[in-house]
Number of protein chains: 2
Amino acid sequence: MSTLPIAVDAMGGDNAPGEIVAGAAQAAEELGVPVVLVGRPDDVGDTRGLELIEASEVIAMDADPANSVRTMKDSSLVRAAEAVRDGRASAMVSAGNTGATMASALLRMGRIKGVARPAIATPIPVPSGSPTVLLDAGANSECNAEWLVQFAQMGAVYARDRYGIERPKVALLSIGEEPTKGNPLVKETHKLLAEGSWVGSTGAEFVGNVEGRDLMTDAADVVVTDGFTGNVALKTLEGGLKAIIAALLEAFGSTPEAQQASAQLMPALLPLYATLDPENTGGAMLLGVDGVCIISHGSSSSVAMVNAIRVAHDMVAGDVVGHLRRAVRPDPA
Amino acid sequence: MSTLPIAVDAMGGDNAPGEIVAGAAQAAEELGVPVVLVGRPDDVGDTRGLELIEASEVIAMDADPANSVRTMKDSSLVRAAEAVRDGRASAMVSAGNTGATMASALLRMGRIKGVARPAIATPIPVPSGSPTVLLDAGANSECNAEWLVQFAQMGAVYARDRYGIERPKVALLSIGEEPTKGNPLVKETHKLLAEGSWVGSTGAEFVGNVEGRDLMTDAADVVVTDGFTGNVALKTLEGGLKAIIAALLEAFGSTPEAQQASAQLMPALLPLYATLDPENTGGAMLLGVDGVCIISHGSSSSVAMVNAIRVAHDMVAGDVVGHLRRAVRPDPA
């Protein structure tokens, strides 16, 4: 188990640096996980006893990822990724610009040998069980079938290391269960996944195509798709949950009677709310880079950061990168 | 306004023929809309006073659409589409096999002149306003940019005729607001839509890219995408809403106190439930075939059929097919 600290991008996210630093300090204290902040000393201010790796630049949430990472070599994101590369940190965590986080990790840590493209693995909450790991949730807007097979391998490793699923059920996202349904990419990928030689050390089982309606069920532990479709599905679900929760809260407050009744209901509703709250998922992981990189959502509070740091720590301790290395065969090309 | 009856596929859907016939009879009585059933006399039994076009075959919910329509010429779906083609009915409505419904309509009614590919337009509920029309929701798993531009034209006409929106906001589904975000199809389509000459008689306004999280908001009235992505988004949303509602109902029943409180809340929650209930959307419309074809969901009850028949009637009365004809320029190729 590593005693290296986890590098936290203190400048990333809508609530940076305040909530980020608060979450980092809380994680260090409550979880006993060593944490190092990365950012501008003047902005960070009180580090609450944490060490700080100085970085003079900040990549904005809406900045062009590739350009920013290329030109802002002293940014907190690039410095955090370098800390992992140089063995000064065991993992990086950021709630900042997702594209720039990916680019920093990819350019500074590099890819695991044999990985064609890293993918973002995002947990989709399932009210009745462990989350469904969806990947790619947005790293690669265009994919080929071979990459999707690697996503299946990496997703299976992640489902096992993150959620303790010994024999992960891996499915392909399509628009019908039959192997003949879908676009050409899906049909070709289905053939490769059904053939089965990709399973190797992952212990995975291919369960065929699933549809969008299966994401929040226990139909599969891992759902593989291209980054465009995955991102649309993820955002659609986020938007749907947000719309429902907003409409529910409005209904709860609509009359004095409703207010009173909903107050009585709260104890029963809180566990569901906790399951759905993105603050509690622990963030997404960029699978395929040569190190642990956790991407927390842009609106992360200190709670989200504590959870993301916990996941980063667990993934380092469980050697997910080593397991990914063994699962992914070097590209024969 | 047409006095021709609406042809209802009595054999289509999980609850056929019972709920279908009940809904058809209810629509005829309550809405004063003439309805003709299409199906097997022995299965339909009591037609509740409605006329019946006899059809000896039934295309199963899970049958291969193209094969079935080609070989089962005396099926209720093919006969319903023929009734529209032959001027014996003004529209067709089915809760049966979606692919076979599309194929029947396409092969028997034909396409509107100039339409490259018909598309399924599905209303996405928006708690605070009129639904967002999503198309293509699954008719074409592969699309090109020119087709998507036609979907924009047809979706805008539909949003106006169906929801009375004079100047429909049309958006393109992508994974970021910037025109540079997305896959190659989306980037090319964005250029064509931004150029603006497609607007013509539709009165539409292109508002750029939206993300999945915008579907249940008033960000756009019409959202255009390929049939693979659209179907994934639609099913993801359906699955998400279903999971939340199931989890809510479980929480509501979890303790005697919760049961009592939720009973008091029901008056406040029912309008939201009604907004989200697929029984109330009136079904999807296949835009681009030369006639009105309404596709109701497979689990349609009599209520869903009444609503679908009402929409079919309104679309015939409002001459949506004539408006589509004017909006879609003949393909210059």
# chains A, B, ... in the order shown; residues from 1 in each chain; ligands from 1

call {"tool": "calpha_fit_and_write", "arguments": {"fixed": "chain B", "moving": "chain A", "output": "tab-separated table (two decimals) with C-alpha atoms, in the first residue's frame"}}
result
chain	number	residue	atom	x	y	z
A	1	MET	CA	-61.50	18.51	-41.90
A	2	SER	CA	-61.58	14.83	-42.73
A	3	THR	CA	-64.53	12.65	-41.88
A	4	LEU	CA	-62.61	9.50	-42.73
A	5	PRO	CA	-62.09	7.18	-39.78
A	6	ILE	CA	-58.79	6.60	-38.01
A	7	ALA	CA	-57.54	3.04	-38.53
A	8	VAL	CA	-56.55	1.45	-35.22
A	9	ASP	CA	-54.45	-1.72	-35.22
A	10	ALA	CA	-56.55	-3.80	-32.82
A	11	MET	CA	-53.88	-6.51	-32.62
A	12	GLY	CA	-50.87	-4.36	-31.67
A	13	GLY	CA	-49.44	-4.02	-28.17
A	14	ASP	CA	-49.01	-5.99	-24.99
A	15	ASN	CA	-52.65	-5.40	-24.03
A	16	ALA	CA	-54.23	-6.11	-27.43
A	17	PRO	CA	-56.95	-6.48	-28.34
A	18	GLY	CA	-58.80	-5.74	-25.06
A	19	GLU	CA	-57.37	-2.37	-24.08
A	20	ILE	CA	-56.95	-1.28	-27.69
A	21	VAL	CA	-60.58	-1.88	-28.58
A	22	ALA	CA	-61.72	-0.29	-25.31
A	23	GLY	CA	-59.63	2.82	-26.05
A	24	ALA	CA	-60.84	3.00	-29.63
A	25	ALA	CA	-64.48	2.81	-28.54
A	26	GLN	CA	-63.89	5.41	-25.85
A	27	ALA	CA	-62.23	7.77	-28.32
A	28	ALA	CA	-65.11	7.37	-30.76
A	29	GLU	CA	-67.62	8.12	-28.06
A	30	GLU	CA	-65.90	10.83	-26.04
A	31	LEU	CA	-64.02	12.65	-28.78
A	32	GLY	CA	-66.55	12.08	-31.55
A	33	VAL	CA	-63.73	10.82	-33.75
A	34	PRO	CA	-64.67	8.10	-36.26
A	35	VAL	CA	-62.56	4.98	-35.71
A	36	VAL	CA	-62.21	1.73	-37.64
A	37	LEU	CA	-60.55	-1.29	-36.09
A	38	VAL	CA	-58.18	-3.52	-38.06
A	39	GLY	CA	-57.65	-7.11	-36.94
A	40	ARG	CA	-58.76	-10.71	-36.66
A	41	PRO	CA	-62.52	-10.86	-36.05
A	42	ASP	CA	-62.26	-13.89	-33.78
A	43	ASP	CA	-59.66	-12.25	-31.57
A	44	VAL	CA	-61.31	-8.86	-31.47
A	45	GLY	CA	-64.73	-10.26	-30.58
A	46	ASP	CA	-67.09	-7.47	-29.59
A	47	THR	CA	-66.14	-4.37	-31.62
A	48	ARG	CA	-68.29	-2.16	-29.37
A	49	GLY	CA	-70.10	-0.84	-32.37
A	50	LEU	CA	-66.99	0.05	-34.35
A	51	GLU	CA	-66.42	-1.09	-37.91
A	52	LEU	CA	-63.74	-3.69	-38.49
A	53	ILE	CA	-61.36	-4.10	-41.42
A	54	GLU	CA	-60.57	-7.79	-41.40
A	55	ALA	CA	-56.94	-8.93	-41.37
A	56	SER	CA	-56.03	-12.55	-40.82
A	57	GLU	CA	-52.43	-12.15	-39.63
A	58	VAL	CA	-50.70	-10.56	-36.64
A	59	ILE	CA	-47.10	-9.35	-36.59
A	60	ALA	CA	-45.68	-10.29	-33.19
A	61	MET	CA	-44.09	-7.63	-30.97
A	62	ASP	CA	-40.65	-9.23	-31.37
A	63	ALA	CA	-40.90	-10.29	-35.03
A	64	ASP	CA	-38.38	-9.08	-37.60
A	65	PRO	CA	-40.03	-5.95	-39.01
A	66	ALA	CA	-38.93	-5.98	-42.65
A	67	ASN	CA	-39.50	-9.71	-43.10
A	68	SER	CA	-42.88	-9.64	-41.42
A	69	VAL	CA	-44.21	-6.78	-43.46
A	70	ARG	CA	-42.96	-8.37	-46.68
A	71	THR	CA	-44.46	-11.78	-45.99
A	72	MET	CA	-47.57	-10.99	-43.94
A	73	LYS	CA	-49.59	-9.02	-46.43
A	74	ASP	CA	-52.85	-9.69	-44.60
A	75	SER	CA	-51.54	-8.51	-41.24
A	76	SER	CA	-53.41	-5.85	-39.27
A	77	LEU	CA	-50.48	-3.42	-39.58
A	78	VAL	CA	-50.19	-3.74	-43.34
A	79	ARG	CA	-53.97	-3.50	-43.76
A	80	ALA	CA	-54.12	-0.39	-41.56
A	81	ALA	CA	-51.46	1.32	-43.68
A	82	GLU	CA	-53.28	0.28	-46.85
A	83	ALA	CA	-56.50	1.77	-45.55
A	84	VAL	CA	-54.73	5.15	-45.31
A	85	ARG	CA	-53.15	4.74	-48.73
A	86	ASP	CA	-56.47	3.81	-50.31
A	87	GLY	CA	-58.38	6.70	-48.79
A	88	ARG	CA	-60.47	4.53	-46.48
A	89	ALA	CA	-58.85	5.95	-43.35
A	90	SER	CA	-57.30	9.31	-42.50
A	91	ALA	CA	-54.54	7.98	-40.23
A	92	MET	CA	-53.21	4.82	-38.62
A	93	VAL	CA	-52.50	4.19	-34.93
A	94	SER	CA	-50.66	1.16	-33.51
A	95	ALA	CA	-49.18	0.07	-30.20
A	96	GLY	CA	-47.60	-2.92	-31.90
A	97	ASN	CA	-44.13	-3.75	-33.21
A	98	THR	CA	-42.54	-0.32	-33.81
A	99	GLY	CA	-40.26	-1.43	-36.62
A	100	ALA	CA	-43.11	-3.19	-38.42
A	101	THR	CA	-45.35	-0.15	-37.98
A	102	MET	CA	-42.68	2.02	-39.63
A	103	ALA	CA	-42.12	-0.50	-42.40
A	104	SER	CA	-45.85	-0.87	-43.09
A	105	ALA	CA	-46.36	2.89	-43.25
A	106	LEU	CA	-43.29	3.42	-45.40
A	107	LEU	CA	-44.05	0.64	-47.86
A	108	ARG	CA	-47.79	1.22	-48.18
A	109	MET	CA	-48.15	5.02	-47.78
A	110	GLY	CA	-44.78	5.89	-49.29
A	111	ARG	CA	-42.66	8.91	-48.46
A	112	ILE	CA	-43.57	12.55	-48.84
A	113	LYS	CA	-41.87	13.76	-52.01
A	114	GLY	CA	-38.37	14.99	-51.19
A	115	VAL	CA	-38.09	13.22	-47.83
A	116	ALA	CA	-34.94	11.13	-47.70
A	117	ARG	CA	-35.86	9.16	-44.56
A	118	PRO	CA	-38.88	9.26	-42.25
A	119	ALA	CA	-38.07	9.83	-38.58
A	120	ILE	CA	-39.82	9.04	-35.31
A	121	ALA	CA	-40.70	12.20	-33.38
A	122	THR	CA	-41.19	11.47	-29.69
A	123	PRO	CA	-42.36	13.98	-27.08
A	124	ILE	CA	-40.09	14.22	-24.02
A	125	PRO	CA	-42.04	15.50	-21.00
A	126	VAL	CA	-40.96	18.84	-19.55
A	127	PRO	CA	-42.40	19.42	-16.06
A	128	SER	CA	-42.58	23.19	-16.51
A	129	GLY	CA	-43.82	23.48	-20.07
A	130	SER	CA	-44.58	21.89	-23.41
A	131	PRO	CA	-42.71	18.70	-24.33
A	132	THR	CA	-39.45	18.65	-26.26
A	133	VAL	CA	-39.85	16.89	-29.60
A	134	LEU	CA	-36.92	14.46	-30.01
A	135	LEU	CA	-36.22	13.05	-33.45
A	136	ASP	CA	-35.08	10.65	-34.77
A	137	ALA	CA	-35.98	8.45	-31.81
A	138	GLY	CA	-35.08	5.23	-33.58
A	139	ALA	CA	-36.14	4.88	-37.22
A	140	ASN	CA	-32.64	5.27	-38.70
A	141	SER	CA	-29.69	3.89	-36.75
A	142	GLU	CA	-27.32	5.52	-39.25
A	143	CYS	CA	-27.88	9.01	-40.61
A	144	ASN	CA	-26.14	11.66	-42.68
A	145	ALA	CA	-26.15	15.42	-42.14
A	146	GLU	CA	-28.68	16.12	-44.89
A	147	TRP	CA	-31.19	13.78	-43.27
A	148	LEU	CA	-30.71	15.49	-39.94
A	149	VAL	CA	-31.46	18.85	-41.57
A	150	GLN	CA	-34.72	17.38	-42.85
A	151	PHE	CA	-35.46	16.09	-39.36
A	152	ALA	CA	-35.05	19.70	-38.19
A	153	GLN	CA	-37.56	20.88	-40.79
A	154	MET	CA	-40.05	18.13	-39.99
A	155	GLY	CA	-39.62	18.48	-36.23
A	156	ALA	CA	-40.29	22.20	-36.42
A	157	VAL	CA	-43.50	21.67	-38.39
A	158	TYR	CA	-44.59	19.07	-35.87
A	159	ALA	CA	-43.81	21.28	-32.85
A	160	ARG	CA	-45.95	24.00	-34.37
A	161	ASP	CA	-48.87	21.81	-35.40
A	162	ARG	CA	-48.83	19.65	-32.29
A	163	TYR	CA	-47.95	22.14	-29.55
A	164	GLY	CA	-48.78	25.47	-31.15
A	165	ILE	CA	-45.24	26.80	-31.00
A	166	GLU	CA	-45.05	29.58	-33.58
A	167	ARG	CA	-41.26	29.88	-33.71
A	168	PRO	CA	-39.86	26.51	-32.63
A	169	LYS	CA	-36.36	26.52	-31.17
A	170	VAL	CA	-34.49	23.72	-32.93
A	171	ALA	CA	-31.30	22.32	-31.39
A	172	LEU	CA	-28.79	19.63	-32.26
A	173	LEU	CA	-27.99	16.96	-29.65
A	174	SER	CA	-24.27	16.94	-28.87
A	175	ILE	CA	-21.81	16.64	-25.99
A	176	GLY	CA	-21.08	20.34	-25.56
A	177	GLU	CA	-22.51	23.65	-26.66
A	178	GLU	CA	-19.59	24.67	-28.87
A	179	PRO	CA	-19.95	23.92	-32.61
A	180	THR	CA	-16.61	22.09	-32.42
A	181	LYS	CA	-17.95	19.51	-29.94
A	182	GLY	CA	-19.33	16.17	-31.02
A	183	ASN	CA	-18.73	13.48	-33.59
A	184	PRO	CA	-18.21	14.21	-37.31
A	185	LEU	CA	-21.92	13.86	-38.10
A	186	VAL	CA	-22.84	16.45	-35.48
A	187	LYS	CA	-20.15	18.89	-36.57
A	188	GLU	CA	-21.22	18.70	-40.19
A	189	THR	CA	-24.90	18.99	-39.31
A	190	HIS	CA	-24.19	22.00	-37.11
A	191	LYS	CA	-22.70	23.84	-40.08
A	192	LEU	CA	-25.73	23.11	-42.26
A	193	LEU	CA	-28.22	24.11	-39.56
A	194	ALA	CA	-26.31	27.29	-38.68
A	195	GLU	CA	-26.29	28.32	-42.33
A	196	GLY	CA	-30.05	28.70	-42.05
A	197	SER	CA	-31.42	28.24	-45.56
A	198	TRP	CA	-33.31	25.15	-44.41
A	199	VAL	CA	-35.74	27.17	-42.30
A	200	GLY	CA	-38.06	28.06	-45.18
A	201	SER	CA	-41.72	27.85	-44.23
A	202	THR	CA	-41.11	26.21	-40.85
A	203	GLY	CA	-40.59	29.44	-38.87
A	204	ALA	CA	-37.89	27.63	-36.91
A	205	GLU	CA	-34.86	29.11	-35.21
A	206	PHE	CA	-31.62	27.14	-34.78
A	207	VAL	CA	-30.36	27.58	-31.22
A	208	GLY	CA	-27.18	25.49	-31.55
A	209	ASN	CA	-26.10	22.37	-29.71
A	210	VAL	CA	-27.79	21.12	-26.57
A	211	GLU	CA	-26.76	18.28	-24.27
A	212	GLY	CA	-28.74	15.38	-22.93
A	213	ARG	CA	-29.36	17.30	-19.73
A	214	ASP	CA	-31.38	19.88	-21.68
A	215	LEU	CA	-34.01	17.45	-23.00
A	216	MET	CA	-36.36	17.85	-20.03
A	217	THR	CA	-35.97	21.65	-19.96
A	218	ASP	CA	-37.29	24.44	-22.18
A	219	ALA	CA	-33.86	24.92	-23.82
A	220	ALA	CA	-35.29	23.72	-27.14
A	221	ASP	CA	-38.66	22.76	-28.62
A	222	VAL	CA	-37.13	20.32	-31.09
A	223	VAL	CA	-33.94	18.29	-30.64
A	224	VAL	CA	-32.44	16.62	-33.68
A	225	THR	CA	-30.19	13.56	-33.59
A	226	ASP	CA	-29.53	10.29	-35.39
A	227	GLY	CA	-31.84	7.38	-34.61
A	228	PHE	CA	-29.25	5.43	-32.62
A	229	THR	CA	-28.38	8.28	-30.27
A	230	GLY	CA	-32.02	9.37	-30.07
A	231	ASN	CA	-33.19	5.91	-29.12
A	232	VAL	CA	-30.47	5.55	-26.48
A	233	ALA	CA	-31.39	8.95	-25.00
A	234	LEU	CA	-35.10	8.16	-24.98
A	235	LYS	CA	-34.69	4.73	-23.40
A	236	THR	CA	-32.19	6.09	-20.87
A	237	LEU	CA	-34.69	8.71	-19.79
A	238	GLU	CA	-37.53	6.18	-19.63
A	239	GLY	CA	-35.37	3.85	-17.55
A	240	GLY	CA	-34.28	6.65	-15.25
A	241	LEU	CA	-37.84	7.84	-14.62
A	242	LYS	CA	-39.01	4.28	-14.06
A	243	ALA	CA	-36.22	3.62	-11.55
A	244	ILE	CA	-36.95	6.82	-9.64
A	245	ILE	CA	-40.69	6.27	-9.54
A	246	ALA	CA	-40.22	2.67	-8.35
A	247	ALA	CA	-37.78	3.81	-5.65
A	248	LEU	CA	-40.15	6.59	-4.57
A	249	LEU	CA	-43.08	4.21	-4.30
A	250	GLU	CA	-40.95	1.86	-2.23
A	251	ALA	CA	-39.98	4.71	0.10
A	252	PHE	CA	-43.61	5.82	0.33
A	253	GLY	CA	-44.62	2.36	1.51
A	254	SER	CA	-41.65	1.70	3.75
A	255	THR	CA	-43.27	2.53	7.14
A	256	PRO	CA	-46.79	3.26	8.38
A	257	GLU	CA	-45.76	6.89	8.91
A	258	ALA	CA	-44.43	7.16	5.36
A	259	GLN	CA	-47.60	5.57	3.99
A	260	GLN	CA	-49.75	8.09	5.78
A	261	ALA	CA	-47.62	11.07	4.76
A	262	SER	CA	-47.46	9.97	1.13
A	263	ALA	CA	-51.24	9.59	1.01
A	264	GLN	CA	-51.49	13.24	2.10
A	265	LEU	CA	-48.96	14.22	-0.56
A	266	MET	CA	-50.77	12.52	-3.42
A	267	PRO	CA	-52.87	15.53	-4.50
A	268	ALA	CA	-49.65	17.50	-4.95
A	269	LEU	CA	-47.83	14.67	-6.75
A	270	LEU	CA	-50.52	13.57	-9.18
A	271	PRO	CA	-50.03	16.42	-11.69
A	272	LEU	CA	-46.32	15.57	-11.90
A	273	TYR	CA	-47.07	11.90	-12.31
A	274	ALA	CA	-49.55	12.73	-15.05
A	275	THR	CA	-46.93	14.81	-16.86
A	276	LEU	CA	-44.44	11.96	-16.80
A	277	ASP	CA	-46.83	9.09	-17.51
A	278	PRO	CA	-46.22	7.76	-21.05
A	279	GLU	CA	-49.94	6.95	-21.23
A	280	ASN	CA	-50.57	10.68	-21.56
A	281	THR	CA	-48.08	11.72	-24.23
A	282	GLY	CA	-50.26	10.65	-27.15
A	283	GLY	CA	-47.53	8.56	-28.69
A	284	ALA	CA	-44.82	9.25	-31.23
A	285	MET	CA	-45.41	10.25	-34.84
A	286	LEU	CA	-43.59	8.88	-37.86
A	287	LEU	CA	-42.76	12.05	-39.79
A	288	GLY	CA	-42.05	11.91	-43.51
A	289	VAL	CA	-44.43	9.19	-44.68
A	290	ASP	CA	-47.31	10.33	-46.83
A	291	GLY	CA	-49.96	10.07	-44.16
A	292	VAL	CA	-50.45	10.27	-40.41
A	293	CYS	CA	-48.94	7.32	-38.52
A	294	ILE	CA	-48.98	7.38	-34.70
A	295	ILE	CA	-46.89	4.88	-32.77
A	296	SER	CA	-48.10	4.25	-29.22
A	297	HIS	CA	-45.90	2.45	-26.71
A	298	GLY	CA	-46.15	-1.31	-26.41
A	299	SER	CA	-47.72	-1.32	-22.96
A	300	SER	CA	-50.51	1.07	-23.99
A	301	SER	CA	-53.74	0.91	-22.02
A	302	SER	CA	-57.08	2.23	-23.26
A	303	VAL	CA	-56.08	5.68	-21.93
A	304	ALA	CA	-52.97	5.73	-24.10
A	305	MET	CA	-55.06	4.73	-27.11
A	306	VAL	CA	-57.57	7.52	-26.52
A	307	ASN	CA	-54.72	10.01	-26.39
A	308	ALA	CA	-53.01	8.57	-29.47
A	309	ILE	CA	-56.27	8.66	-31.44
A	310	ARG	CA	-56.80	12.27	-30.35
A	311	VAL	CA	-53.35	13.21	-31.63
A	312	ALA	CA	-53.95	11.36	-34.91
A	313	HIS	CA	-57.22	13.23	-35.33
A	314	ASP	CA	-55.62	16.60	-34.55
A	315	MET	CA	-52.74	15.99	-36.94
A	316	VAL	CA	-55.14	15.09	-39.75
A	317	ALA	CA	-57.37	18.07	-39.00
A	318	GLY	CA	-54.38	20.42	-38.86
A	319	ASP	CA	-52.95	19.05	-42.13
A	320	VAL	CA	-49.52	18.30	-40.72
A	321	VAL	CA	-48.69	16.21	-43.81
A	322	GLY	CA	-49.42	19.20	-46.06
A	323	HIS	CA	-47.21	21.39	-43.88
A	324	LEU	CA	-44.42	18.81	-43.95
A	325	ARG	CA	-44.69	18.67	-47.73
A	326	ARG	CA	-44.16	22.41	-47.98
A	327	ALA	CA	-41.33	22.47	-45.43
A	328	VAL	CA	-39.17	19.79	-46.98
A	329	ARG	CA	-37.48	20.83	-50.18
A	330	PRO	CA	-37.12	18.13	-52.76
A	331	ASP	CA	-33.70	16.56	-52.59
A	332	PRO	CA	-31.51	18.37	-55.17
A	333	ALA	CA	-29.68	15.11	-55.91

call {"tool": "select_by_dssp", "arguments": {"residues": "range 89-304 of chain B", "states": "strand (DSSP E)", "output": "PyMOL selection string"}}
result
chain B and resi 91-94+119-126+129-135+169-173+205-210+222-224+284-287+292-295

call {"tool": "select_by_dssp", "arguments": {"residues": "range 170-314 of chain A", "states": "helix (DSSP H, G or I)", "output": "tab-separated table (two decimals) with C-alpha atoms, in the first residue's frame"}}
result
chain	number	residue	atom	x	y	z
A	184	PRO	CA	-22.32	-0.62	-37.61
A	185	LEU	CA	-19.95	0.04	-34.70
A	186	VAL	CA	-22.24	-1.76	-32.27
A	187	LYS	CA	-22.80	-4.73	-34.58
A	188	GLU	CA	-19.08	-5.19	-35.13
A	189	THR	CA	-18.30	-4.79	-31.43
A	190	HIS	CA	-21.00	-7.31	-30.54
A	191	LYS	CA	-19.26	-9.93	-32.66
A	192	LEU	CA	-15.90	-9.30	-31.00
A	193	LEU	CA	-17.35	-9.34	-27.48
A	194	ALA	CA	-19.42	-12.48	-28.15
A	195	GLU	CA	-16.33	-14.28	-29.42
A	200	GLY	CA	-8.63	-13.08	-20.14
A	201	SER	CA	-7.86	-12.18	-16.54
A	202	THR	CA	-10.89	-9.94	-16.08
A	212	GLY	CA	-30.68	2.80	-22.20
A	213	ARG	CA	-33.53	1.72	-19.95
A	214	ASP	CA	-31.28	-0.93	-18.38
A	227	GLY	CA	-17.83	8.39	-25.85
A	228	PHE	CA	-20.44	10.36	-27.78
A	229	THR	CA	-23.32	8.01	-26.99
A	230	GLY	CA	-22.06	7.49	-23.44
A	231	ASN	CA	-21.92	11.19	-22.76
A	232	VAL	CA	-25.40	11.75	-24.19
A	233	ALA	CA	-26.79	8.91	-22.05
A	234	LEU	CA	-25.07	10.18	-18.91
A	235	LYS	CA	-26.18	13.78	-19.37
A	236	THR	CA	-29.70	12.69	-20.29
A	237	LEU	CA	-29.95	10.73	-17.07
A	238	GLU	CA	-28.50	13.59	-15.02
A	239	GLY	CA	-30.96	16.00	-16.60
A	240	GLY	CA	-33.88	13.65	-16.05
A	241	LEU	CA	-33.05	13.11	-12.37
A	242	LYS	CA	-32.54	16.84	-11.86
A	243	ALA	CA	-35.89	17.65	-13.48
A	244	ILE	CA	-37.72	15.07	-11.38
A	245	ILE	CA	-36.11	16.13	-8.13
A	246	ALA	CA	-36.86	19.80	-8.84
A	247	ALA	CA	-40.49	18.96	-9.68
A	248	LEU	CA	-40.80	16.83	-6.54
A	249	LEU	CA	-39.44	19.58	-4.33
A	250	GLU	CA	-41.87	22.02	-5.89
A	251	ALA	CA	-44.76	19.65	-5.22
A	252	PHE	CA	-43.55	19.11	-1.65
A	256	PRO	CA	-48.95	23.76	3.87
A	257	GLU	CA	-50.39	20.23	3.94
A	258	ALA	CA	-47.85	19.02	1.38
A	259	GLN	CA	-45.03	20.68	3.32
A	260	GLN	CA	-46.03	18.92	6.49
A	261	ALA	CA	-46.48	15.54	4.82
A	262	SER	CA	-43.17	15.78	2.98
A	263	ALA	CA	-41.36	16.63	6.22
A	264	GLN	CA	-42.73	13.38	7.66
A	265	LEU	CA	-41.61	11.51	4.54
A	266	MET	CA	-38.03	12.76	4.64
A	267	PRO	CA	-36.58	9.90	6.72
A	268	ALA	CA	-37.87	7.47	4.10
A	269	LEU	CA	-36.66	9.56	1.15
A	270	LEU	CA	-33.17	10.46	2.33
A	271	PRO	CA	-31.55	7.09	1.49
A	272	LEU	CA	-32.87	7.37	-2.07
A	273	TYR	CA	-31.65	10.93	-2.36
A	274	ALA	CA	-28.26	9.86	-1.07
A	275	THR	CA	-28.08	7.10	-3.69
A	276	LEU	CA	-28.82	9.54	-6.49
A	278	PRO	CA	-23.67	12.91	-7.51
A	279	GLU	CA	-21.78	14.14	-4.45
A	280	ASN	CA	-21.73	10.55	-3.22
A	302	SER	CA	-16.20	19.22	0.08
A	303	VAL	CA	-18.30	16.04	0.46
A	304	ALA	CA	-17.73	15.10	-3.17
A	305	MET	CA	-14.01	15.69	-2.73
A	306	VAL	CA	-13.83	13.46	0.34
A	307	ASN	CA	-15.54	10.70	-1.62
A	308	ALA	CA	-13.34	11.19	-4.68
A	309	ILE	CA	-10.19	11.11	-2.55
A	310	ARG	CA	-11.43	7.93	-0.88
A	311	VAL	CA	-11.93	6.28	-4.26
A	312	ALA	CA	-8.49	7.43	-5.43
A	313	HIS	CA	-6.96	5.97	-2.29
A	314	ASP	CA	-8.82	2.66	-2.68

call {"tool": "decode", "arguments": {"residues": "range 54-64 of chain A", "atoms": "N, CA and C atoms", "output": "mmCIF file, in the first residue's frame"}}
result
data_model
loop_
_atom_site.group_PDB
_atom_site.id
_atom_site.type_symbol
_atom_site.label_atom_id
_atom_site.label_comp_id
_atom_site.auth_asym_id
_atom_site.auth_seq_id
_atom_site.Cartn_x
_atom_site.Cartn_y
_atom_site.Cartn_z
ATOM 1 N N GLU A 54 3.217 24.132 -5.653
ATOM 2 C CA GLU A 54 2.859 25.412 -6.254
ATOM 3 C C GLU A 54 2.693 25.295 -7.769
ATOM 4 N N ALA A 55 1.658 25.950 -8.272
ATOM 5 C CA ALA A 55 1.411 26.032 -9.709
ATOM 6 C C ALA A 55 0.851 27.418 -9.956
ATOM 7 N N SER A 56 1.400 28.111 -10.931
ATOM 8 C CA SER A 56 1.041 29.530 -11.081
ATOM 9 C C SER A 56 -0.164 29.755 -11.983
ATOM 10 N N GLU A 57 -0.572 28.721 -12.745
ATOM 11 C CA GLU A 57 -1.645 28.924 -13.720
ATOM 12 C C GLU A 57 -2.871 28.081 -13.390
ATOM 13 N N VAL A 58 -4.022 28.519 -13.917
ATOM 14 C CA VAL A 58 -5.280 27.805 -13.716
ATOM 15 C C VAL A 58 -5.959 27.635 -15.068
ATOM 16 N N ILE A 59 -6.309 26.418 -15.409
ATOM 17 C CA ILE A 59 -7.059 26.171 -16.646
ATOM 18 C C ILE A 59 -8.542 26.354 -16.329
ATOM 19 N N ALA A 60 -9.165 27.303 -17.028
ATOM 20 C CA ALA A 60 -10.568 27.627 -16.736
ATOM 21 C C ALA A 60 -11.472 26.451 -17.103
ATOM 22 N N MET A 61 -12.660 26.415 -16.484
ATOM 23 C CA MET A 61 -13.610 25.333 -16.697
ATOM 24 C C MET A 61 -14.003 25.216 -18.166
ATOM 25 N N ASP A 62 -14.059 26.361 -18.871
ATOM 26 C CA ASP A 62 -14.526 26.336 -20.258
ATOM 27 C C ASP A 62 -13.397 26.539 -21.267
ATOM 28 N N ALA A 63 -12.155 26.390 -20.816
ATOM 29 C CA ALA A 63 -11.018 26.587 -21.734
ATOM 30 C C ALA A 63 -10.876 25.389 -22.672
ATOM 31 N N ASP A 64 -10.260 25.619 -23.822
ATOM 32 C CA ASP A 64 -10.001 24.521 -24.752
ATOM 33 C C ASP A 64 -8.972 23.581 -24.126
#
